[in-house]
file target07.csv (CSV, C-alpha atoms)
chain,number,residue,atom,x,y,z
L,1295,MET,CA,0.0,0.0,0.0
L,1296,SER,CA,1.3,3.4,-0.9
L,1297,VAL,CA,1.9,5.8,1.9
L,1298,PHE,CA,1.5,9.5,1.2
L,1299,MET,CA,3.0,12.3,3.3
L,1300,ASP,CA,3.2,16.0,3.3
L,1301,LEU,CA,6.1,17.0,5.6
L,1302,ASN,CA,5.6,20.8,5.2
L,1303,LEU,CA,2.4,22.4,6.4
L,1304,THR,CA,3.3,26.0,7.5
L,1305,PHE,CA,2.6,26.8,11.1
L,1306,SER,CA,0.1,29.5,11.8
L,1307,THR,CA,-1.1,31.0,15.1
L,1308,ASP,CA,-4.6,30.7,13.6
L,1309,LYS,CA,-5.7,27.4,15.2
L,1310,ASN,CA,-8.7,27.1,12.9
L,1311,ARG,CA,-6.6,27.4,9.8
L,1312,LEU,CA,-4.2,24.6,11.0
L,1313,GLN,CA,-7.2,22.4,11.8
L,1314,ARG,CA,-8.5,22.9,8.3
L,1315,LEU,CA,-5.1,22.0,6.8
L,1316,ILE,CA,-4.8,18.8,8.8
L,1317,GLU,CA,-8.4,17.8,8.1
L,1318,THR,CA,-8.0,18.5,4.3
L,1319,ALA,CA,-4.8,16.4,4.3
L,1320,ALA,CA,-6.5,13.5,6.0
L,1321,HIS,CA,-9.4,13.7,3.6
L,1322,LEU,CA,-7.0,13.6,0.6
L,1323,GLY,CA,-5.4,10.4,1.9
L,1324,PHE,CA,-2.2,11.8,3.5
L,1325,SER,CA,-1.3,9.5,6.5
L,1326,THR,CA,1.4,11.8,7.9
L,1327,VAL,CA,1.9,15.6,7.9
L,1328,ALA,CA,4.4,17.8,9.6
L,1329,ILE,CA,3.7,21.3,11.0
L,1330,ASN,CA,6.6,23.4,9.9
L,1331,TYR,CA,8.0,26.1,12.2
L,1332,VAL,CA,10.4,28.4,10.2
L,1333,PHE,CA,13.2,30.1,12.0
L,1334,GLU,CA,15.2,32.7,10.2
L,1335,PRO,CA,17.9,34.3,12.5
L,1336,THR,CA,19.2,37.8,11.8
L,1337,ALA,CA,22.3,39.6,12.9
L,1338,LYS,CA,20.4,42.6,14.2
L,1339,LYS,CA,18.9,41.0,17.3
L,1340,LYS,CA,18.9,37.8,19.2
L,1341,GLN,CA,16.0,35.5,18.4
L,1342,GLU,CA,14.6,32.6,20.3
L,1343,ILE,CA,14.1,29.3,18.5
L,1344,PRO,CA,10.3,28.6,18.5
L,1345,THR,CA,8.7,26.0,20.7
L,1346,PRO,CA,6.2,23.7,19.0
L,1347,THR,CA,2.6,23.8,20.1
L,1348,PRO,CA,1.5,20.4,21.4
L,1349,ILE,CA,-0.7,18.7,18.8
L,1350,ASN,CA,-3.5,18.2,21.3
L,1351,ASP,CA,-3.6,22.0,21.7
L,1352,LEU,CA,-4.0,22.4,17.9
L,1353,ILE,CA,-6.8,20.0,17.2
L,1354,ASP,CA,-9.0,18.2,19.7
L,1355,GLN,CA,-9.4,14.9,17.7
L,1356,LEU,CA,-7.2,13.9,14.8
L,1357,PRO,CA,-9.2,13.1,11.7
L,1358,ILE,CA,-9.2,9.6,10.2
L,1359,VAL,CA,-7.2,9.2,7.0
L,1360,GLN,CA,-9.5,8.5,4.0
L,1361,GLY,CA,-9.2,4.9,3.0
L,1362,ARG,CA,-7.5,3.9,6.2
L,1363,SER,CA,-8.8,3.0,9.7
L,1364,ARG,CA,-6.4,5.2,11.6
L,1365,PRO,CA,-6.1,8.9,12.4
L,1366,ILE,CA,-3.6,11.1,10.6
L,1367,ARG,CA,-0.1,11.3,12.2
L,1368,VAL,CA,1.0,14.9,12.9
L,1369,LEU,CA,4.7,15.7,13.4
L,1370,ASN,CA,6.4,18.9,14.5
L,1371,ARG,CA,9.2,20.2,12.2
L,1372,LEU,CA,11.7,23.0,12.6
L,1373,THR,CA,13.3,24.6,9.5
L,1374,ILE,CA,16.3,26.9,9.9
L,1375,VAL,CA,16.9,29.4,7.1
L,1376,MET,CA,20.7,29.8,7.2
L,1377,SER,CA,22.7,32.7,5.9
L,1378,ASP,CA,25.6,32.2,8.4
L,1379,SER,CA,27.1,29.0,9.9
L,1380,SER,CA,26.4,30.3,13.4
L,1381,HIS,CA,22.6,30.0,12.7
L,1382,PHE,CA,22.9,26.2,13.1
L,1383,ARG,CA,23.7,25.1,16.6
L,1384,PRO,CA,24.7,21.4,16.8
L,1385,ASN,CA,23.1,19.5,19.7
L,1386,ALA,CA,20.9,22.5,20.7
L,1387,ALA,CA,18.4,21.4,23.3
L,1388,GLU,CA,15.7,23.3,21.5
L,1389,TYR,CA,16.0,21.1,18.5
L,1390,ARG,CA,15.0,18.0,20.5
L,1391,CYS,CA,11.4,19.4,20.8
L,1392,PHE,CA,10.9,18.7,17.1
L,1393,ASP,CA,10.4,15.4,15.3
L,1394,LEU,CA,12.1,16.7,12.1
L,1395,LEU,CA,14.9,19.1,11.6
L,1396,ALA,CA,15.5,20.9,8.3
L,1397,VAL,CA,17.8,23.6,7.1
L,1398,GLN,CA,17.6,25.9,4.1
L,1399,PRO,CA,21.2,27.0,3.3
L,1400,THR,CA,21.5,30.2,1.2
L,1401,THR,CA,25.1,29.9,0.2
L,1402,GLU,CA,27.2,27.3,-1.5
L,1403,LYS,CA,29.4,26.9,1.6
L,1404,LEU,CA,26.4,26.3,3.9
L,1405,PHE,CA,24.8,23.9,1.4
L,1406,HIS,CA,28.1,21.9,1.4
L,1407,ALA,CA,28.1,21.8,5.2
L,1408,ALA,CA,24.5,20.8,5.4
L,1409,CYS,CA,25.1,17.9,3.0
L,1410,MET,CA,28.3,16.7,4.6
L,1411,ILE,CA,28.3,17.6,8.3
L,1412,TYR,CA,25.0,18.8,9.8
L,1413,ASP,CA,22.9,16.4,11.7
L,1414,VAL,CA,19.6,17.2,10.0
L,1415,ASP,CA,16.8,15.3,8.3
L,1416,ILE,CA,15.9,17.6,5.4
L,1417,ILE,CA,17.7,20.1,3.2
L,1418,CYS,CA,15.3,22.6,1.7
L,1419,ILE,CA,15.9,24.0,-1.8
L,1420,SER,CA,14.9,27.6,-2.3
L,1421,VAL,CA,11.9,28.1,-4.6
L,1422,THR,CA,11.4,31.9,-4.4
L,1423,GLU,CA,14.6,33.0,-6.1
L,1424,LYS,CA,17.3,31.8,-8.4
L,1425,LEU,CA,19.9,29.9,-6.5
L,1426,PRO,CA,23.2,31.9,-6.1
L,1427,PHE,CA,25.2,28.7,-6.6
L,1428,PHE,CA,25.2,25.5,-8.7
L,1429,PHE,CA,24.6,22.0,-7.2
L,1430,LYS,CA,27.8,19.9,-7.2
L,1431,ARG,CA,27.6,16.2,-7.3
L,1432,ALA,CA,30.1,15.5,-4.4
L,1433,PRO,CA,28.1,17.2,-1.6
L,1434,VAL,CA,24.8,16.0,-3.1
L,1435,ASN,CA,26.0,12.4,-3.2
L,1436,GLY,CA,27.3,12.8,0.3
L,1437,ALA,CA,23.9,13.9,1.6
L,1438,VAL,CA,22.3,10.9,-0.2
L,1439,ASP,CA,24.8,8.5,1.4
L,1440,ARG,CA,24.1,10.0,4.8
L,1441,GLY,CA,20.3,9.4,4.3
L,1442,LEU,CA,19.3,13.0,4.1
L,1443,VAL,CA,16.5,14.1,1.8
L,1444,PHE,CA,16.2,17.2,-0.4
L,1445,GLU,CA,12.8,19.0,-0.4
L,1446,VAL,CA,11.2,21.0,-3.1
L,1447,SER,CA,8.0,22.8,-2.2
L,1448,TYR,CA,5.3,24.0,-4.6
L,1449,ALA,CA,3.1,26.5,-2.8
L,1450,ALA,CA,5.1,29.4,-4.2
L,1451,ALA,CA,4.7,28.1,-7.7
L,1452,ILE,CA,1.0,28.2,-7.4
L,1453,ARG,CA,0.9,31.8,-6.1
L,1454,ASP,CA,3.3,33.6,-8.6
L,1455,SER,CA,4.5,32.9,-12.2
L,1456,THR,CA,8.0,34.2,-11.5
L,1457,MET,CA,8.4,31.9,-8.5
L,1458,ARG,CA,7.0,29.1,-10.7
L,1459,ARG,CA,9.9,29.6,-13.0
L,1460,TYR,CA,12.4,29.6,-10.1
L,1461,THR,CA,10.8,26.5,-8.6
L,1462,ILE,CA,11.0,24.5,-11.8
L,1463,ALA,CA,14.5,25.7,-12.7
L,1464,ASN,CA,15.9,24.9,-9.2
L,1465,ALA,CA,14.1,21.6,-9.1
L,1466,VAL,CA,15.4,20.5,-12.5
L,1467,CYS,CA,19.0,21.5,-11.5
L,1468,LEU,CA,18.7,19.4,-8.3
L,1469,MET,CA,17.2,16.4,-10.1
L,1470,GLU,CA,19.9,16.5,-12.8
L,1471,THR,CA,22.6,16.4,-10.0
L,1472,CYS,CA,21.1,13.8,-7.7
L,1473,LYS,CA,19.5,11.6,-10.5
L,1474,GLY,CA,16.2,11.7,-8.7
L,1475,LYS,CA,17.5,10.1,-5.4
L,1476,ASN,CA,16.2,11.3,-2.0
L,1477,VAL,CA,13.9,14.1,-3.1
L,1478,ILE,CA,10.5,14.8,-1.6
L,1479,LEU,CA,7.9,17.2,-2.9
L,1480,SER,CA,6.0,19.1,-0.2
L,1481,SER,CA,3.3,21.7,-0.3
L,1482,ALA,CA,4.5,24.4,2.2
L,1483,ALA,CA,0.8,25.1,2.4
L,1484,GLU,CA,-0.6,27.9,4.5
L,1485,THR,CA,-4.2,27.3,3.5
L,1486,SER,CA,-6.2,24.1,2.6
L,1487,PHE,CA,-6.5,25.3,-1.0
L,1488,VAL,CA,-2.8,24.5,-1.6
L,1489,VAL,CA,-3.1,20.9,-0.2
L,1490,ARG,CA,-3.9,19.3,-3.6
L,1491,PHE,CA,-5.1,15.8,-4.6
L,1492,VAL,CA,-2.3,13.3,-4.9
L,1493,ARG,CA,-3.1,12.7,-8.6
L,1494,ARG,CA,-2.6,16.4,-9.2
L,1495,ARG,CA,0.7,16.4,-7.3
L,1496,ARG,CA,1.8,13.5,-9.5
L,1497,LYS,CA,1.2,15.7,-12.6
L,1498,ARG,CA,3.1,18.5,-11.0
L,1499,SER,CA,6.0,16.3,-10.1
L,1500,ARG,CA,6.4,15.4,-13.8
L,1501,ILE,CA,6.8,19.1,-14.6
L,1502,PHE,CA,9.7,19.1,-12.1
L,1503,HIS,CA,11.2,15.9,-13.6
L,1504,LEU,CA,10.4,14.1,-10.4
L,1505,SER,CA,9.1,10.5,-10.5
L,1506,VAL,CA,5.7,9.6,-9.1
L,1507,SER,CA,7.4,7.6,-6.3
L,1508,CYS,CA,9.5,10.6,-5.4
L,1509,SER,CA,6.5,13.0,-5.1
L,1510,ALA,CA,4.7,10.5,-3.0
L,1511,CYS,CA,7.6,10.4,-0.5
L,1512,ARG,CA,8.4,6.8,-1.3
L,1513,ASN,CA,12.1,7.2,-1.8
L,1514,GLN,CA,14.8,4.9,-0.4
L,1515,ALA,CA,16.6,7.3,2.0
L,1516,ASP,CA,18.2,5.2,4.7
L,1517,GLY,CA,17.5,7.8,7.4
L,1518,LEU,CA,14.3,9.9,7.5
L,1519,TRP,CA,12.3,8.0,5.0
L,1520,ASP,CA,12.9,4.4,6.3
L,1521,HIS,CA,12.1,5.5,9.8
L,1522,LEU,CA,8.8,7.2,8.9
L,1523,HIS,CA,7.8,4.6,6.3
L,1524,HIS,CA,8.4,1.7,8.8
L,1525,GLU,CA,6.2,3.3,11.4
L,1526,GLU,CA,3.4,4.0,9.0
L,1527,LEU,CA,3.2,0.4,7.9
L,1528,GLN,CA,2.9,-1.0,11.4
call {"tool": "encode", "arguments": {"input": "target07.csv", "output": "structure tokens"}}
result
Amino acid sequence: MSVFMDLNLTFSTDKNRLQRLIETAAHLGFSTVAINYVFEPTAKKKQEIPTPTPINDLIDQLPIVQGRSRPIRVLNRLTIVMSDSSHFRPNAAEYRCFDLLAVQPTTEKLFHAACMIYDVDIICISVTEKLPFFFKRAPVNGAVDRGLVFEVSYAAAIRDSTMRRYTIANAVCLMETCKGKNVILSSAAETSFVVRFVRRRRKRSRIFHLSVSCSACRNQADGLWDHLHHEELQ
């Protein structure tokens, strides 16, 4: 049985909006979703890493996944947008509050470090601008060997035609470098409108040169994916 996940639903302080996102995902057959807290440090002032809201405080009763007899699984995820190496703090206690840890490096040096050194689950690829560097096979293969996954999100491509071009261009460059290995396609949805049917996501994935199995999060990553996939099939 195929297992569908969306590991990037944008956190909102609007509890009703988050509830609708989770309910829509369950209705469309997603068995696992992740609420994504984005943390973008700046040099101007000290910022605190966000603390995830307990799932029970977000929604009273988790909806049942369509076509399955169990409720949807909701994870908490932290994404750190990095413009400096000091923005990632190895072994930070705050990270342990989250089920998934992701980074979005904004320079080639940080991308290389994320692939080869950082203890994370997901490396996010920017979709709102042209990347200021080219993907190189050595760090990408290093990340694959370590069981990390790369994420391309599509919400920006729906909102704006310019961002659509960036999304497609960056996704194609990534796919040409990694040969389709260890890539997931997520929504980064802020509203239930963006959480699309799986069959539409499959069509969209072909535009990005992603395979259907990749867009459905059924890749063979030894770390993140094997762990989540094993638990879902229990």
call {"tool": "residues_near_point", "arguments": {"input": "target07.csv", "point": "(0.7, 19.6, 5.4)", "cutoff": "10 Å", "atoms": "only C-alpha atoms", "output": "PyMOL selection string"}}
result
chain L and resi 1299-1305+1312+1315-1320+1324+1326-1330+1368-1369+1480-1486+1488-1489
call {"tool": "atom_distance", "arguments": {"input": "target07.csv", "atom1": "atom CA of L:Thr1401", "atom2": "atom CA of L:Ser1380"}}
result
13.3 Å
call {"tool": "residues_around", "arguments": {"input": "target07.csv", "residues": "L:Lys1430", "least_positions_apart": "6", "cutoff": "10 Å", "atoms": "only C-alpha atoms", "output": "list in words"}}
result
Glu1402, Phe1405, His1406, Cys1467, Leu1468, Thr1471 and Cys1472 of chain L
call {"tool": "write_last_selection", "arguments": {"input": "target07.csv", "atoms": "C-alpha atoms", "output": "mmCIF file, keeping the file's coordinate frame"}}
result
data_model
loop_
_atom_site.group_PDB
_atom_site.id
_atom_site.type_symbol
_atom_site.label_atom_id
_atom_site.label_comp_id
_atom_site.auth_asym_id
_atom_site.auth_seq_id
_atom_site.Cartn_x
_atom_site.Cartn_y
_atom_site.Cartn_z
ATOM 1 C CA GLU L 1402 27.200 27.300 -1.500
ATOM 2 C CA PHE L 1405 24.800 23.900 1.400
ATOM 3 C CA HIS L 1406 28.100 21.900 1.400
ATOM 4 C CA CYS L 1467 19.000 21.500 -11.500
ATOM 5 C CA LEU L 1468 18.700 19.400 -8.300
ATOM 6 C CA THR L 1471 22.600 16.400 -10.000
ATOM 7 C CA CYS L 1472 21.100 13.800 -7.700
#
call {"tool": "closest_residue", "arguments": {"input": "target07.csv", "among": "L:Ile1417, L:Ile1452, L:Ile1374, L:Val1477", "to": "L:Tyr1389", "atoms": "only C-alpha atoms"}}
result
L:Ile1374
call {"tool": "closest_residue", "arguments": {"input": "target07.csv", "among": "L:Arg1390, L:Arg1311, L:His1321, L:His1381", "to": "L:Thr1345", "atoms": "all atoms listed in the file"}}
result
L:Arg1390
call {"tool": "residues_around", "arguments": {"input": "target07.csv", "residues": "L:Asn1435", "least_positions_apart": "6", "cutoff": "12 Å", "atoms": "all atoms listed in the file", "output": "list in words"}}
result
His1406, Cys1409, Met1410, Phe1429, Gly1441, Leu1442, Val1443, Phe1444, Leu1468, Met1469, Thr1471, Cys1472, Lys1473, Gly1474, Lys1475, Asn1476 and Ala1515 of chain L
call {"tool": "closest_residue", "arguments": {"input": "target07.csv", "among": "L:Cys1391, L:Arg1314, L:Glu1334, L:Pro1426", "to": "L:Leu1356", "atoms": "all atoms listed in the file"}}
result
L:Arg1314
call {"tool": "atom_distance", "arguments": {"input": "target07.csv", "atom1": "atom CA of L:Ile1419", "atom2": "atom CA of L:Thr1456"}}
result
16.1 Å
call {"tool": "residues_around", "arguments": {"input": "target07.csv", "residues": "L:Asp1378", "least_positions_apart": "6", "cutoff": "9 Å", "atoms": "only C-alpha atoms", "output": "list in words"}}
result
Pro1335, Pro1399, Thr1400, Thr1401 and Leu1404 of chain L
call {"tool": "atom_distance", "arguments": {"input": "target07.csv", "atom1": "atom CA of L:Val1375", "atom2": "atom CA of L:Ala1450"}}
result
16.3 Å
call {"tool": "decode", "arguments": {"input": "target07.csv", "residues": "stretch 1453-1471 of chain L", "atoms": "N, CA, C and O atoms", "output": "compact mmCIF listing (two decimals), in the first residue's frame"}}
result
# COMPACT_ATOMS: atom_id res chain seq x y z
N ARG L 1453 1.30 30.44 -6.41
CA ARG L 1453 0.94 31.84 -6.15
C ARG L 1453 1.45 32.81 -7.20
O ARG L 1453 0.81 33.82 -7.47
N ASP L 1454 2.62 32.54 -7.79
CA ASP L 1454 3.29 33.57 -8.58
C ASP L 1454 4.02 32.93 -9.77
O ASP L 1454 4.70 31.93 -9.61
N SER L 1455 3.87 33.53 -10.95
CA SER L 1455 4.47 32.95 -12.16
C SER L 1455 5.99 33.03 -12.13
O SER L 1455 6.67 32.13 -12.64
N THR L 1456 6.55 34.11 -11.56
CA THR L 1456 8.00 34.22 -11.47
C THR L 1456 8.56 33.15 -10.55
O THR L 1456 9.56 32.48 -10.87
N MET L 1457 7.92 32.95 -9.39
CA MET L 1457 8.37 31.91 -8.48
C MET L 1457 8.18 30.52 -9.08
O MET L 1457 8.92 29.59 -8.77
N ARG L 1458 7.19 30.38 -9.97
CA ARG L 1458 7.00 29.11 -10.65
C ARG L 1458 8.22 28.78 -11.51
O ARG L 1458 8.69 27.64 -11.54
N ARG L 1459 8.75 29.79 -12.18
CA ARG L 1459 9.94 29.57 -13.00
C ARG L 1459 11.14 29.19 -12.13
O ARG L 1459 11.92 28.30 -12.48
N TYR L 1460 11.29 29.89 -11.00
CA TYR L 1460 12.39 29.56 -10.09
C TYR L 1460 12.24 28.15 -9.53
O TYR L 1460 13.21 27.40 -9.44
N THR L 1461 11.00 27.80 -9.17
CA THR L 1461 10.77 26.47 -8.61
C THR L 1461 11.15 25.38 -9.60
O THR L 1461 11.86 24.43 -9.26
N ILE L 1462 10.68 25.53 -10.84
CA ILE L 1462 10.97 24.52 -11.85
C ILE L 1462 12.46 24.48 -12.17
O ILE L 1462 13.07 23.40 -12.23
N ALA L 1463 13.08 25.65 -12.34
CA ALA L 1463 14.50 25.69 -12.68
C ALA L 1463 15.36 25.07 -11.58
O ALA L 1463 16.26 24.26 -11.85
N ASN L 1464 15.09 25.43 -10.33
CA ASN L 1464 15.89 24.90 -9.23
C ASN L 1464 15.66 23.41 -9.04
O ASN L 1464 16.60 22.66 -8.73
N ALA L 1465 14.40 22.98 -9.21
CA ALA L 1465 14.10 21.55 -9.07
C ALA L 1465 14.78 20.73 -10.15
O ALA L 1465 15.33 19.65 -9.88
N VAL L 1466 14.76 21.23 -11.38
CA VAL L 1466 15.40 20.51 -12.48
C VAL L 1466 16.92 20.40 -12.25
O VAL L 1466 17.53 19.35 -12.46
N CYS L 1467 17.53 21.50 -11.81
CA CYS L 1467 18.98 21.46 -11.52
C CYS L 1467 19.30 20.43 -10.44
O CYS L 1467 20.28 19.69 -10.55
N LEU L 1468 18.46 20.39 -9.41
CA LEU L 1468 18.67 19.40 -8.35
C LEU L 1468 18.53 17.99 -8.89
O LEU L 1468 19.38 17.12 -8.60
N MET L 1469 17.47 17.74 -9.65
CA MET L 1469 17.22 16.39 -10.15
C MET L 1469 18.31 15.92 -11.09
O MET L 1469 18.66 14.74 -11.12
N GLU L 1470 18.85 16.83 -11.88
CA GLU L 1470 19.93 16.46 -12.79
C GLU L 1470 21.20 16.07 -12.02
O GLU L 1470 21.99 15.25 -12.49
N THR L 1471 21.37 16.66 -10.84
CA THR L 1471 22.56 16.39 -10.04
C THR L 1471 22.42 15.12 -9.22
O THR L 1471 23.34 14.30 -9.15
